[in-house]
>>> print(open('data_37.txt').read())   # compact mmCIF, C-alpha atoms
# COMPACT_ATOMS: atom_id res chain seq x y z
CA MET P 357 88.98 62.57 100.30
CA LYS P 358 88.12 65.39 102.72
CA TRP P 359 91.42 67.23 102.27
CA MET P 360 91.43 66.75 98.54
CA LYS P 361 87.92 68.19 98.19
CA GLN P 362 88.73 71.18 100.40
CA PHE P 363 91.98 71.91 98.58
CA GLY P 364 90.13 71.57 95.27
CA ILE P 365 87.55 74.17 96.28
CA ILE P 366 90.27 76.59 97.43
CA LEU P 367 92.19 76.15 94.17
CA LEU P 368 88.99 76.66 92.18
CA VAL P 369 88.30 79.97 93.96
CA SER P 370 91.92 81.02 93.32
CA PHE P 371 91.46 80.15 89.65
CA VAL P 372 88.27 82.23 89.36
CA GLY P 373 90.23 85.05 91.03
CA GLU P 374 92.84 84.69 88.30
CA VAL P 375 90.15 84.91 85.61
CA LEU P 376 88.75 88.09 87.22
CA GLU P 377 92.24 89.60 87.39
CA LYS P 378 92.59 88.99 83.66
CA TRP P 379 89.19 90.47 82.80
CA ILE P 380 89.02 93.49 85.05
CA PRO P 381 91.55 96.20 84.08
CA LEU P 382 92.53 97.24 87.63
CA PRO P 383 95.86 96.67 89.46
CA ILE P 384 94.15 94.15 91.76
CA PRO P 385 95.63 90.65 92.01
CA ALA P 386 93.88 87.27 91.86
CA SER P 387 94.31 86.73 95.62
CA ILE P 388 92.26 89.83 96.51
CA TYR P 389 89.41 88.85 94.17
CA GLY P 390 89.72 85.36 95.68
CA ILE P 391 89.33 86.59 99.28
CA ILE P 392 86.25 88.62 98.38
CA LEU P 393 84.79 85.73 96.36
CA LEU P 394 85.36 83.09 99.05
CA PHE P 395 83.95 85.43 101.69
CA LEU P 396 80.77 86.00 99.64
CA CYS P 397 80.43 82.26 98.94
CA LEU P 398 80.73 81.50 102.67
CA LYS P 399 78.26 84.24 103.59
CA LEU P 400 75.69 83.11 100.99
CA ARG P 401 76.34 79.46 101.96
CA ILE P 402 77.26 78.55 98.38
CA ILE P 403 80.38 77.06 99.98
CA PRO P 404 79.65 75.69 103.47
CA HIS P 405 82.20 76.65 106.14
CA GLU P 406 83.03 73.01 106.97
CA SER P 407 83.95 72.24 103.37
CA VAL P 408 87.01 74.55 103.38
CA HIS P 409 87.95 75.40 106.93
CA GLU P 410 90.42 72.60 107.83
CA THR P 411 92.57 72.92 104.72
CA GLY P 412 92.21 76.71 104.99
CA LYS P 413 93.52 76.71 108.55
CA PHE P 414 96.46 74.54 107.47
CA LEU P 415 97.40 76.83 104.58
CA ILE P 416 97.15 79.91 106.81
CA GLU P 417 99.33 78.26 109.44
CA ILE P 418 102.15 77.52 107.00
CA MET P 419 101.79 80.92 105.29
CA PRO P 420 105.00 82.45 106.74
CA LEU P 421 107.01 79.81 104.84
CA MET P 422 105.61 81.07 101.56
CA PHE P 423 107.32 84.45 101.98
CA ILE P 424 110.82 83.02 102.37
CA PRO P 425 111.64 82.57 98.65
CA ALA P 426 110.61 86.15 97.77
CA ALA P 427 112.58 87.57 100.70
CA VAL P 428 115.68 85.55 99.80
CA GLY P 429 115.23 86.96 96.29
CA LEU P 430 115.96 90.44 97.69
CA LEU P 431 119.63 89.45 97.23
CA GLU P 432 119.09 89.93 93.51
CA THR P 433 117.85 93.54 93.86
CA TRP P 434 120.72 94.69 96.09
CA ASP P 435 122.57 96.31 93.17
CA VAL P 436 119.60 98.58 92.46
CA ILE P 437 119.16 99.54 96.11
CA ALA P 438 122.85 99.99 97.02
CA PRO P 439 123.35 103.65 95.88
CA ALA P 440 120.75 105.09 98.31
CA TRP P 441 120.22 102.21 100.69
CA LEU P 442 120.36 104.26 103.89
CA GLU P 443 117.55 106.61 102.82
CA TYR P 444 115.50 103.68 101.53
CA VAL P 445 115.89 101.74 104.74
CA ALA P 446 115.01 104.83 106.80
CA VAL P 447 111.81 105.44 104.81
CA THR P 448 110.80 101.80 105.03
CA VAL P 449 111.46 101.33 108.73
CA LEU P 450 110.05 104.65 109.97
CA SER P 451 106.89 104.55 107.87
CA THR P 452 106.16 100.96 108.99
CA TRP P 453 106.35 101.99 112.65
CA ILE P 454 104.31 105.15 112.07
CA VAL P 455 101.50 103.27 110.31
CA MET P 456 101.40 100.52 112.90
CA ILE P 457 101.26 102.94 115.83
CA ILE P 458 98.70 105.31 114.28
CA SER P 459 96.29 102.70 112.90
CA GLY P 460 96.48 100.65 116.11
CA LYS P 461 96.01 103.64 118.41
CA VAL P 462 93.18 105.15 116.35
CA THR P 463 91.28 101.83 116.13
CA GLN P 464 91.70 101.25 119.86
CA SER P 465 90.54 104.71 120.86
CA VAL P 466 87.42 104.48 118.64
CA ILE P 467 86.57 101.07 120.16
CA ARG P 468 87.10 102.28 123.73
CA HIS P 469 85.22 105.51 123.09
CA ARG P 470 82.21 103.57 121.82
CA LYS P 471 82.38 101.06 124.68
CA LYS P 472 82.31 103.95 127.13
CA GLY P 473 79.36 105.48 125.27
CA VAL P 474 77.40 102.23 125.43
CA GLN P 475 78.03 101.89 129.17
CA GLU P 476 76.92 105.46 129.83
CA ASN P 477 73.72 104.90 127.86
CA HIS P 478 72.88 101.97 130.07
CA VAL P 479 73.37 103.91 133.29
CA MET H 392 128.03 67.77 96.65
CA PHE H 393 126.86 71.31 95.85
CA ASP H 394 126.23 70.18 92.27
CA PHE H 395 123.78 67.69 93.64
CA LEU H 396 122.03 70.36 95.77
CA GLU H 397 121.81 72.69 92.78
CA ASN H 398 119.92 70.09 90.81
CA SER H 399 117.76 68.79 93.64
CA ALA H 400 114.03 69.44 93.28
CA PHE H 401 113.53 69.53 97.06
CA PHE H 402 116.60 71.37 98.33
CA GLY H 403 115.05 74.84 98.04
CA VAL H 404 111.99 73.86 100.05
CA VAL H 405 113.96 71.86 102.61
CA ILE H 406 116.46 74.66 103.42
CA SER H 407 113.59 77.18 103.73
CA VAL H 408 111.46 74.97 105.98
CA ALA H 409 114.38 73.65 108.06
CA SER H 410 115.78 77.13 108.71
CA TYR H 411 112.29 78.31 109.70
CA GLY H 412 112.07 75.36 112.10
CA LEU H 413 115.42 76.34 113.59
CA GLY H 414 114.07 79.88 113.97
CA LEU H 415 111.04 78.55 115.87
CA LEU H 416 113.33 76.58 118.19
CA LEU H 417 115.57 79.59 118.87
CA LYS H 418 112.57 81.81 119.56
CA LYS H 419 111.13 79.26 121.99
CA LYS H 420 114.44 78.90 123.77
CA PHE H 421 115.46 82.56 124.12
CA LYS H 422 112.06 84.33 123.90
CA LEU H 423 113.47 87.43 122.18
CA ALA H 424 111.33 89.27 119.62
CA ILE H 425 114.35 89.84 117.37
CA LEU H 426 114.70 86.05 117.02
CA ASN H 427 111.86 86.08 114.54
CA PRO H 428 111.60 82.72 112.73
CA LEU H 429 110.92 84.36 109.37
CA LEU H 430 113.93 86.69 109.71
CA ILE H 431 116.16 83.82 110.87
CA SER H 432 115.16 81.58 107.98
CA ILE H 433 115.78 84.39 105.45
CA ILE H 434 119.24 85.09 106.92
CA ILE H 435 120.24 81.41 107.13
CA THR H 436 119.04 80.69 103.60
CA ILE H 437 120.83 83.73 102.14
CA ALA H 438 124.01 82.84 104.07
CA PHE H 439 123.82 79.24 102.91
CA LEU H 440 123.43 80.26 99.27
CA ALA H 441 126.28 82.75 99.59
CA CYS H 442 128.62 80.19 101.20
CA THR H 443 127.90 77.37 98.77
CA GLY H 444 127.71 79.57 95.68
CA ILE H 445 124.32 78.14 94.74
CA SER H 446 122.47 80.73 92.67
CA TYR H 447 119.07 82.15 93.60
CA GLU H 448 117.65 80.75 90.37
CA LYS H 449 118.67 77.20 91.29
CA TYR H 450 117.32 77.63 94.81
CA ASP H 451 114.04 79.02 93.49
CA GLU H 452 113.51 76.04 91.21
CA GLY H 453 112.53 74.10 94.30
CA ALA H 454 111.43 76.97 96.54
CA LYS H 455 108.95 78.35 93.99
CA TYR H 456 106.48 75.69 95.09
CA LEU H 457 106.24 77.47 98.42
CA SER H 458 105.46 80.75 96.65
CA TYR H 459 102.94 78.90 94.50
CA LEU H 460 100.78 78.28 97.57
CA LEU H 461 100.63 81.98 98.44
CA THR H 462 97.55 82.83 96.38
CA PRO H 463 95.43 79.90 97.67
CA ALA H 464 96.59 80.67 101.24
CA THR H 465 95.70 84.36 100.87
CA VAL H 466 92.27 83.38 99.53
CA CYS H 467 91.78 81.32 102.71
CA LEU H 468 92.07 84.49 104.82
CA ALA H 469 88.37 84.88 103.96
CA ILE H 470 87.65 82.00 106.38
CA PRO H 471 88.70 83.68 109.67
CA LEU H 472 87.11 86.87 108.39
CA TYR H 473 83.81 85.02 107.93
CA GLU H 474 84.14 83.45 111.38
CA GLN H 475 84.58 86.88 112.99
CA LEU H 476 81.80 88.58 111.05
CA GLU H 477 79.76 89.44 114.16
CA LEU H 478 82.73 91.15 115.77
CA LEU H 479 83.38 93.03 112.55
CA LYS H 480 79.78 94.25 112.37
CA LYS H 481 80.03 95.48 115.96
CA ASN H 482 83.28 97.36 115.33
CA TRP H 483 83.02 98.48 111.73
CA HIS H 484 83.37 102.20 112.57
CA ALA H 485 86.61 101.63 114.42
CA VAL H 486 87.91 99.26 111.74
CA LEU H 487 87.22 101.60 108.87
CA ILE H 488 88.56 104.72 110.62
CA GLY H 489 91.63 102.76 111.79
CA ILE H 490 92.50 101.47 108.33
CA LEU H 491 91.91 104.87 106.72
CA SER H 492 94.13 106.61 109.28
CA GLY H 493 96.82 103.99 108.63
CA VAL H 494 96.76 104.42 104.85
CA LEU H 495 96.84 108.23 105.12
CA SER H 496 99.69 108.18 107.64
CA SER H 497 101.63 105.81 105.37
CA LEU H 498 101.24 108.06 102.32
CA GLY H 499 101.87 111.19 104.42
CA ALA H 500 104.99 109.79 106.11
CA ILE H 501 106.45 108.76 102.75
CA LEU H 502 105.71 112.19 101.28
CA GLY H 503 107.39 113.87 104.27
CA MET H 504 110.50 111.73 104.10
CA ALA H 505 110.69 111.97 100.31
CA VAL H 506 110.84 115.77 100.69
CA LEU H 507 113.38 115.49 103.51
CA PHE H 508 115.67 113.13 101.57
CA ARG H 509 115.14 115.02 98.27
CA PHE H 510 113.82 111.95 96.44
CA SER H 511 113.11 112.16 92.73
CA HIS H 512 109.45 111.78 91.69
CA GLU H 513 110.20 108.20 90.56
CA GLU H 514 111.75 107.32 93.92
CA TYR H 515 108.83 108.90 95.78
CA VAL H 516 106.13 106.93 93.94
CA THR H 517 108.20 103.75 94.33
CA PHE H 518 107.57 103.85 98.09
CA LEU H 519 103.92 104.97 98.09
CA PRO H 520 102.50 101.41 97.89
CA LYS H 521 105.00 99.89 100.35
CA SER H 522 102.49 98.88 103.03
CA ILE H 523 100.15 96.88 100.80
CA THR H 524 100.26 93.35 99.49
CA THR H 525 102.98 92.70 96.89
CA ALA H 526 100.80 92.01 93.88
CA ILE H 527 98.73 95.22 94.27
CA GLY H 528 101.80 97.24 95.25
CA MET H 529 103.69 96.18 92.13
CA GLY H 530 100.76 97.21 89.95
CA VAL H 531 100.49 100.63 91.63
CA SER H 532 104.24 101.28 91.41
CA GLU H 533 104.28 100.35 87.74
CA LYS H 534 101.28 102.53 86.91
CA LEU H 535 102.75 105.56 88.71
CA GLY H 536 106.15 105.12 87.04
CA GLY H 537 108.13 103.87 90.05
CA TYR H 538 111.02 101.39 90.18
CA VAL H 539 109.05 98.16 90.54
CA SER H 540 111.90 95.98 91.85
CA ILE H 541 112.63 98.49 94.65
CA SER H 542 108.91 98.62 95.49
CA VAL H 543 108.85 94.85 95.84
CA ALA H 544 111.92 94.96 98.10
CA ALA H 545 110.36 97.72 100.24
CA ILE H 546 107.07 95.81 100.48
CA ILE H 547 108.73 92.58 101.61
CA ILE H 548 111.00 94.35 104.12
CA THR H 549 107.97 96.26 105.45
CA GLY H 550 106.17 92.96 105.98
CA VAL H 551 109.10 91.34 107.75
CA LEU H 552 109.61 94.46 109.93
CA GLY H 553 105.96 94.43 110.96
CA ASN H 554 106.23 90.73 111.75
CA ILE H 555 109.31 91.32 113.93
CA PHE H 556 108.34 94.53 115.74
CA ALA H 557 104.57 94.17 116.22
CA GLU H 558 104.73 92.78 119.73
CA ILE H 559 107.26 95.40 120.87
CA VAL H 560 105.25 98.27 119.34
CA PHE H 561 102.02 97.00 120.93
CA ARG H 562 103.66 96.83 124.34
CA LEU H 563 105.39 100.24 124.10
CA PHE H 564 102.28 102.06 122.85
CA ARG H 565 99.80 100.08 124.95
CA ILE H 566 97.80 98.75 122.03
CA GLN H 567 95.81 96.04 123.81
CA GLU H 568 92.52 95.57 121.96
CA PRO H 569 92.77 92.48 119.72
CA VAL H 570 90.83 94.25 116.95
CA ALA H 571 93.28 97.17 117.03
CA LYS H 572 96.31 94.85 116.92
CA GLY H 573 94.91 93.09 113.86
CA ILE H 574 94.16 96.34 112.04
CA ALA H 575 97.62 97.72 112.87
CA LEU H 576 99.40 94.60 111.56
CA GLY H 577 97.36 94.24 108.37
CA THR H 578 97.41 97.95 107.50
CA ALA H 579 101.14 98.43 108.21
CA SER H 580 102.52 95.18 106.88
CA HIS H 581 99.98 93.30 104.72
CA ALA H 582 100.09 89.49 104.46
CA ILE H 583 103.44 88.99 106.24
CA GLY H 584 102.08 91.01 109.16
CA THR H 585 98.89 88.97 108.98
CA ALA H 586 100.91 85.80 109.48
CA LYS H 587 102.00 87.29 112.82
CA ALA H 588 98.43 88.39 113.60
CA MET H 589 97.29 84.79 113.09
CA GLU H 590 99.82 83.71 115.74
CA LEU H 591 98.45 86.32 118.18
CA GLY H 592 94.86 85.09 117.87
CA GLU H 593 91.77 84.48 115.74
CA VAL H 594 90.40 88.02 116.12
CA GLU H 595 93.77 89.62 115.33
CA GLY H 596 94.12 87.38 112.28
CA ALA H 597 90.66 88.09 110.93
CA MET H 598 91.01 91.87 111.33
CA SER H 599 94.44 91.81 109.75
CA SER H 600 93.08 89.83 106.78
CA LEU H 601 90.38 92.42 106.29
CA SER H 602 92.97 95.21 106.44
CA ILE H 603 94.95 93.67 103.57
CA VAL H 604 91.94 93.98 101.30
CA VAL H 605 90.63 97.36 102.47
CA ALA H 606 94.03 99.07 102.85
CA GLY H 607 95.08 97.65 99.48
CA LEU H 608 92.06 99.10 97.71
CA ILE H 609 92.21 102.50 99.46
CA THR H 610 95.92 102.76 98.65
CA VAL H 611 95.30 102.21 94.93
CA ILE H 612 93.23 105.42 94.96
CA GLY H 613 95.25 107.27 97.63
CA ALA H 614 98.65 106.64 96.03
CA THR H 615 97.35 107.95 92.71
CA ILE H 616 96.21 111.19 94.36
CA PHE H 617 99.44 111.52 96.39
CA SER H 618 101.57 110.95 93.29
CA HIS H 619 100.44 114.38 92.01
CA ILE H 620 101.68 116.20 95.11
CA MET H 621 105.40 115.78 94.48
>>> encode(input="data_37.txt", output="structure tokens")
Amino acid sequence: MKWMKQFGIILLVSFVGEVLEKWIPLPIPASIYGIILLFLCLKLRIIPHESVHETGKFLIEIMPLMFIPAAVGLLETWDVIAPAWLEYVAVTVLSTWIVMIISGKVTQSVIRHRKKGVQENHV
Amino acid sequence: MFDFLENSAFFGVVISVASYGLGLLLKKKFKLAILNPLLISIIITIAFLACTGISYEKYDEGAKYLSYLLTPATVCLAIPLYEQLELLKKNWHAVLIGILSGVLSSLGAILGMAVLFRFSHEEYVTFLPKSITTAIGMGVSEKLGGYVSISVAAIIITGVLGNIFAEIVFRLFRIQEPVAKGIALGTASHAIGTAKAMELGEVEGAMSSLSIVVAGLITVIGATIFSHIM
């Protein structure tokens, strides 16, 4: 019963997300509305944490599997990519590294800067 | 025998899950970052389809049930985010500045390389939403007049790259704060990066989940502005 109820709640939130996607004319998918909605419901205790968290943890754990079909489907787009594949791969690889390094470094330096500030205030 | 596999309802799921399991085993045994279970399962599955001549369509008839779970699973990312709310409140400056810097560097890097490689306007806007979650990215690419199928390919490859290289990048550039690792993964490589962040820890996972939402929304606006530059 427990798992069924939890899965039911998660599917219901996903469904409401789908309805919002349909109604609101923005390029925002059901899953994003769903995250925001579930977060608000947890925060306002409309949905108690214990009534979703076990099934939620399970779904998050098996999440990598869910990307396999789409990635295997890249086979089908090869013909479109082939003419300029080297440039496309370069853009994709380099920009991924750049974003990861910059956002990680910037976040870390703001955190450490503030930590240092807090310590100095205490002294 | 291949006829049977083509018509099996479970074959697509079994090959995907089994090859992922093999990837996990290999990673455990050799401890090399390049032996990424997701990458291994993609390569094995593609190779298997190519060798047996089973079409992607037939494979996807079973495998689509894995994709089906993606929206409910993404919705569940709200749970770790809720659990780490205190940490988020304490670090919201860093989180917001970090995500914003990531989105701007993504758009800027793509603009720079588009100029360098003499991309057409259509090619340029195709790559603008490459770091955000597939469903938003497709919408942005379509609206700006990009090639949607190439955007989807770039988005998925970006995710897999982030998943593979995160640990190496963090070591090389001494990114040690769990919050910063999470933001870097989510901002650079959306949900596929978040899957890696979840493996690294609860804090990393929660921050990465948040980045999917925030970076996705900022990119919708940012990509529209950047699309006028070139």
>>> closest_residue(input="data_37.txt", among="H:Val611, H:Leu601, H:Val466, H:Ala557", to="P:Leu393", atoms="all atoms listed in the file")
H:Val466
>>> residues_around(input="data_37.txt", residues="P:Gly373", least_positions_apart="2", cutoff="9 Å", atoms="all atoms listed in the file", output="number ranges by chain")
P: 368-371, 375-378, 385-391, 393; H: 466
>>> interface_residues(input="data_37.txt", of="chain H", to="chain P", cutoff="7 Å", atoms="all atoms listed in the file", output="ChimeraX atom specification")
/H:407-408,429,433,437,447,451,454-455,457-458,460-470,473,482,485-486,488-490,492-493,496-497,500-501,504,508,526-527,530-531,540-541,544-545,547,549,553,566,568,571-572,574-576,579,583,586,604
>>> atom_distance(input="data_37.txt", atom1="atom CA of H:Glu397", atom2="atom CA of H:Leu440")
10.1 Å
>>> atom_distance(input="data_37.txt", atom1="atom CA of H:Tyr459", atom2="atom CA of H:Gly444")
24.8 Å
>>> atom_distance(input="data_37.txt", atom1="atom CA of H:Glu558", atom2="atom CA of H:His484")
24.4 Å
>>> closest_residue(input="data_37.txt", among="H:Thr615, H:Asn398, H:Thr525, H:Ser532", to="H:Gly453", atoms="all atoms listed in the file")
H:Asn398
>>> residues_around(input="data_37.txt", residues="H:His581", least_positions_apart="3", cutoff="9 Å", atoms="only C-alpha atoms", output="list in words")
Ser522, Ile523, Thr524, Thr525, Ile546, Thr549, Gly550, Gly553, Leu576, Gly577, Thr578, Gly584, Thr585, Ala586, Ser599, Ser600, Ser602, Ile603, Val604, Ala606 and Gly607 of chain H
>>> closest_residue(input="data_37.txt", among="H:Lys480, H:Leu430, H:Val605, H:Tyr515", to="H:Leu417", atoms="all atoms listed in the file")
H:Leu430
>>> residues_around(input="data_37.txt", residues="H:Ala597", least_positions_apart="4", cutoff="7 Å", atoms="only C-alpha atoms", output="VMD selection string")
chain H and resid 471 to 472 475 593 601
>>> closest_residue(input="data_37.txt", among="H:Leu487, H:Met621, H:Ala438, H:Glu595", to="H:Glu514", atoms="only C-alpha atoms")
H:Met621
